[in-house]
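Q: One structure, as structure tokens, below. Some questions next.
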Amino acid sequence: MASSSSSSLRSWRFNVFTSFHGPDVRKTFLSHLREQFNRNGISMFDDERIERGQTIGPELMESIGESRIAIVLLSKNYASSSWCLDELLEILKCKEDMGQVVMTIFYGVDPSAVRKQTGDFGKFFNETCASYGEGERRRWSKALNDVGNIAGEHFLNWVNEAKMIAKIAKDVLQKLNATPCRDFEGIVGLDAHLKEIESLLDLDYDGVKMVAITGPAGIGKTTIARALHSLLSRRFQLTCFVDNLREICPSGLDEYGWKKRLQENFLSKVLNHKDMRICHLGAVKENLCDQKVLIILDDVNSLKQLEALANESAWFGPGSRIVVTTENLEILQQHGIGSTYHVGFPFDEEAIEILCRCAFRLRSPLYGFEVLCTRIIRLCGNLPLALCVVGKSLRGKKKDEWEDVVNRLETILDQGIEDVLKVGYESLEENEQTLFLHIAVFFNNEDSDLVKAMFSDGTIDVKRGLQILVYRSLIEISTYGNIIEMHKLLRRVGRQAIHKQEPWKRQILLDAHEICDVLENETGTRAVSGISFDISGINDLIVDERAFKRMYNLQFLKVYKSRDDKLKFDILAGEKSRDDMNDVIHIPEEMKFPRRLRFLHWNAYPNKCLPPSFHPEYLVELDMKHGKFEHLWKGTQEHVYASKRDIYLYAKEHGWLEQENEMMFEFISTYHELNIVECGAHVFTVEKEIRRLGFDQANKATQSLLSTLILLKE
């Protein structure tokens, strides 16, 4: 018997495969049966284009295995064909190995004659066997005996062929309904997705509906669409799942030729006609306008694809449903597809289950692996694709091997994951790629208005760029707060893209050793617009006073520590203070920062103030957490608030403020907005005319500590 899990692993391309002797039934009984199946939405493999010979070809063998039900149409001359007998062997093998359903029709032949190979049926069988060995005869004879014992429809029991055919179609539908596809069993959250999409499809509506499934790469859109196709196929006359749309059409064709080639491939698949050729772009409508079809267009990435394959509802018959999966929301807007289902990220519990099903074939972690599983879902950002890839790579591995893999995941993105995720980035125009990279490195979880201010020089159309990134599912902008969110694996894709650039072309520097060389030896170039410097692995660095001289286009500078080294020292024992730990960079007092600097984040800035040569007129954001500031800078700054900009000042004395005491004040003038966030006992002073900022909204405890805060007079 077939194992219970074997059929669940199959993907059934056809509802029915029919084994028959062509001269006996093709133009009569079989043609009527095929017509009835079409009316009932039952897909049947069509072998008319296959040239029959002495042996079954690989295409036919594959088609037998891809059919949920095999109908053996036994007629008088069936055993005269070694081809038919070999088909029968393969069908019975699929029944045994994969749980394929086998039905029989005895057309002008008695079941006992089939079982025992007697009468005319036996005569033709013996003639066929004469050309083969005894081993082949025994195998064929056993197969005929087995199939003859399968109860089926006997032609002589019916006086009306039409009623017999209707009964067969009804039986096929019942068996299809009774044996639902189990290809997608165990996929976490799938049932909920399918229920929502079925509701959007409104299958009882007689008109044509188009529905889109949206979401970022790797979220599971294709899996959901395949499961939907499997679930609903039997309810339509024709069905087709169209994937690899990016690869179907070769380059070098004009738009007309491109669309024509796309339609030819599409219709070949829908109508099951190999290498179909068409004369004009109206062929889809001509062939499908009276057919109830289910078409799923997977991974659509251009409007031209939709225009070629599903430009109008009128192209398809009543009751048809067109489902599109895409990461590009703009395409849907342009085409007018308003019904969309967005696939969101799974909750942590679901993410753990996805990982464990792939790694352990269980719903929860093995004992001792709980913490590692939690780390993995964090590193994967709950992205199903990443969870599956990582989970399968860990299957059967020991705990220490898991730990090695998890540590690698901290810095290295799996190639299989990267290949999927980088497609969206690579499809962007150059300016959009630049914006993507800057968000990945500097501006994730930042206010979109702040990002617009960062590029207010007009080098990038940020408003349009953000819109495109949202349309392509590369970022999300929260409706509350306008905060930009990019998935952590997409941020890794961005960093990988930067690392792969030629060094002299890099706009953003990330590699700590490369940055050390730039800052020590003044090797930067004018191509550099941003530096993100993780000093976690740096022991000691003396920055050259003129380190930024050649980087006069540098606008974004971030120095931070991704790993806290405090565990290496016993701070309480006084061996090393946190401030000493952070003093790994030494900056000359006369350091010359780039004049065009717009973004300066320096965690644990080592000096007591910025150098007097610092020019803040372009500055948009300043973040100096854990610094040793006593002054912002020494001397006079004439142009601090020369233009309408948002300047954010951050400071916090280590351990002084608890979460509940953190506060924000806003001082709004004609020229600027000053946000003081997480301020501690540090005092910012500017040695010029000053005025005090009132703290009417502050709690009393915080007021007393911030009362010495003094600001530059407007």
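By order of appearance in the structure tokens: chains A, B, ..., then residues from 1 within every chain, and ligands from 1 in the order shown.
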Which residues are near A:Lys505? Cut-off 10 Å, only C-alpha atoms, ignore same chain within fewer than 6 positions. Put them as a list in words.
A: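 Answer for this query is Ile498, Thr525, Arg526, Ala527 and Val528 of chain A.
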Q: Among stretch 354-487 of chain A, which ones does DSSP assign to helix (DSSP H, G or I) (computed from the backbone)? Answer as a count of residues only.
A: 82
Q: Name the residues in contact with A:Asn445 at a cut-off of 7 Å, using only C-alpha atoms, excluding same-chain residues fewer than 2 positions from it; report them as a CSV table (one decimal) with N, CA and C atoms, in the first residue's frame.
A:
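File produced: part_9.csv:
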chain,number,residue,atom,x,y,z
A,443,PHE,N,19.0,55.0,8.1
A,443,PHE,CA,17.7,55.6,8.5
A,443,PHE,C,16.6,54.6,8.7
A,447,ASP,N,12.0,58.8,11.1
A,447,ASP,CA,10.9,59.5,10.5
A,447,ASP,C,11.1,59.8,9.1
A,483,ILE,N,7.1,56.3,10.4
A,483,ILE,CA,8.4,55.7,10.7
A,483,ILE,C,8.7,54.7,9.5
A,484,ILE,N,9.9,54.8,9.0
A,484,ILE,CA,10.4,53.9,7.9
A,484,ILE,C,10.9,52.6,8.5
A,485,GLU,N,10.4,51.5,8.0
A,485,GLU,CA,10.9,50.2,8.5
A,485,GLU,C,11.3,49.4,7.4
Q: Give me the residues within 12 Å of A:Leu271 as a PyMOL selection string, counting only C-alpha atoms and dropping any in the same chain fewer than 6 places off.
A: chain A and resi 38+43-46+237-240+263-265+283-284+287-288+291+293+295
Q: Hey, can you spit out that residue selection with N, CA and C atoms as a tab-separated table (two decimals), in the first residue's frame?
A:
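Output file selection_38.tsv is given in full below:
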chain	number	residue	atom	x	y	z
A	38	ASN	N	-14.50	18.57	-19.71
A	38	ASN	CA	-14.29	20.01	-19.89
A	38	ASN	C	-15.44	20.81	-19.28
A	43	SER	N	-9.56	18.58	-15.53
A	43	SER	CA	-8.44	18.64	-16.48
A	43	SER	C	-7.94	17.24	-16.79
A	44	MET	N	-7.80	16.95	-18.09
A	44	MET	CA	-7.36	15.62	-18.52
A	44	MET	C	-6.14	15.77	-19.42
A	45	PHE	N	-5.15	14.95	-19.19
A	45	PHE	CA	-3.95	14.99	-20.02
A	45	PHE	C	-4.31	14.67	-21.47
A	46	ASP	N	-3.78	15.50	-22.39
A	46	ASP	CA	-4.05	15.32	-23.81
A	46	ASP	C	-2.79	14.76	-24.47
A	237	GLN	N	-12.95	25.15	-15.56
A	237	GLN	CA	-12.75	24.35	-16.77
A	237	GLN	C	-11.28	24.26	-17.16
A	238	LEU	N	-10.59	25.38	-17.04
A	238	LEU	CA	-9.17	25.42	-17.35
A	238	LEU	C	-8.45	26.13	-16.21
A	239	THR	N	-7.28	25.64	-15.88
A	239	THR	CA	-6.48	26.31	-14.85
A	239	THR	C	-5.04	26.37	-15.30
A	240	CYS	N	-4.33	27.36	-14.77
A	240	CYS	CA	-2.93	27.50	-15.14
A	240	CYS	C	-2.19	28.30	-14.07
A	263	GLN	N	2.26	35.59	-24.68
A	263	GLN	CA	0.94	34.99	-24.88
A	263	GLN	C	1.05	33.57	-25.42
A	264	GLU	N	2.00	33.32	-26.31
A	264	GLU	CA	2.18	31.97	-26.86
A	264	GLU	C	2.54	30.98	-25.75
A	265	ASN	N	3.45	31.37	-24.89
A	265	ASN	CA	3.83	30.50	-23.77
A	265	ASN	C	2.66	30.29	-22.82
A	283	ALA	N	-5.28	36.79	-29.18
A	283	ALA	CA	-5.44	35.34	-29.08
A	283	ALA	C	-5.93	34.88	-27.72
A	284	VAL	N	-5.53	35.56	-26.65
A	284	VAL	CA	-5.97	35.15	-25.32
A	284	VAL	C	-7.48	35.29	-25.21
A	287	ASN	N	-9.39	32.62	-27.33
A	287	ASN	CA	-9.34	31.25	-26.82
A	287	ASN	C	-10.01	31.06	-25.47
A	288	LEU	N	-10.11	32.12	-24.67
A	288	LEU	CA	-10.55	31.94	-23.29
A	288	LEU	C	-11.82	32.71	-22.93
A	291	GLN	N	-14.48	30.47	-21.57
A	291	GLN	CA	-14.01	29.44	-20.64
A	291	GLN	C	-13.98	29.99	-19.21
A	293	VAL	N	-12.02	30.06	-16.20
A	293	VAL	CA	-10.61	29.74	-15.98
A	293	VAL	C	-10.15	30.25	-14.61
A	295	ILE	N	-6.57	31.48	-13.39
A	295	ILE	CA	-5.22	31.81	-13.84
A	295	ILE	C	-4.47	32.43	-12.66
Q: So the first atom is atom CA of A:Glu589 and the second is atom CA of A:Asn521; what is the distance between them in Å, to one decimal place?
A: 17.6 Å
Q: Atom CA of A:Arg491 and atom CA of A:Gly524, how far apart in Å?
A: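 We find that atom CA of A:Gly524 and atom CA of A:Arg491 lie 24.1 Å from each other.
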Q: DSSP on the backbone: which residues in stretch 45-151 of chain A end up as strand (DSSP E)? Give the answer as an MDAnalysis selection string.
A: chainID A and resid 67:75 101:107
Q: Counting only C-alpha atoms, what is within 10 Å of A:Gly338, bar same-chain residues fewer than 5 positions away, as an MDAnalysis selection string?
A: chainID A and resid 210:212 332:333
Q: Please produce a file of the residues just selected, as a PDB file, in the first residue's frame, where the atoms kept are C-alpha atoms.
A:
ATOM      1  CA  MET A 210      -8.935  39.846 -10.340  1.00  0.00           C
ATOM      2  CA  VAL A 211      -7.252  39.586  -6.935  1.00  0.00           C
ATOM      3  CA  ALA A 212      -3.650  40.263  -5.919  1.00  0.00           C
ATOM      4  CA  LEU A 332      -1.703  46.895  -9.271  1.00  0.00           C
ATOM      5  CA  GLN A 333      -2.592  50.552  -8.987  1.00  0.00           C
TER       6      GLN A 333
END
Q: Between A:Asn607, A:Asn431, A:Ser63, A:Ser473, which is the closest to A:His487 once you count only C-alpha atoms?
A: A:Ser473
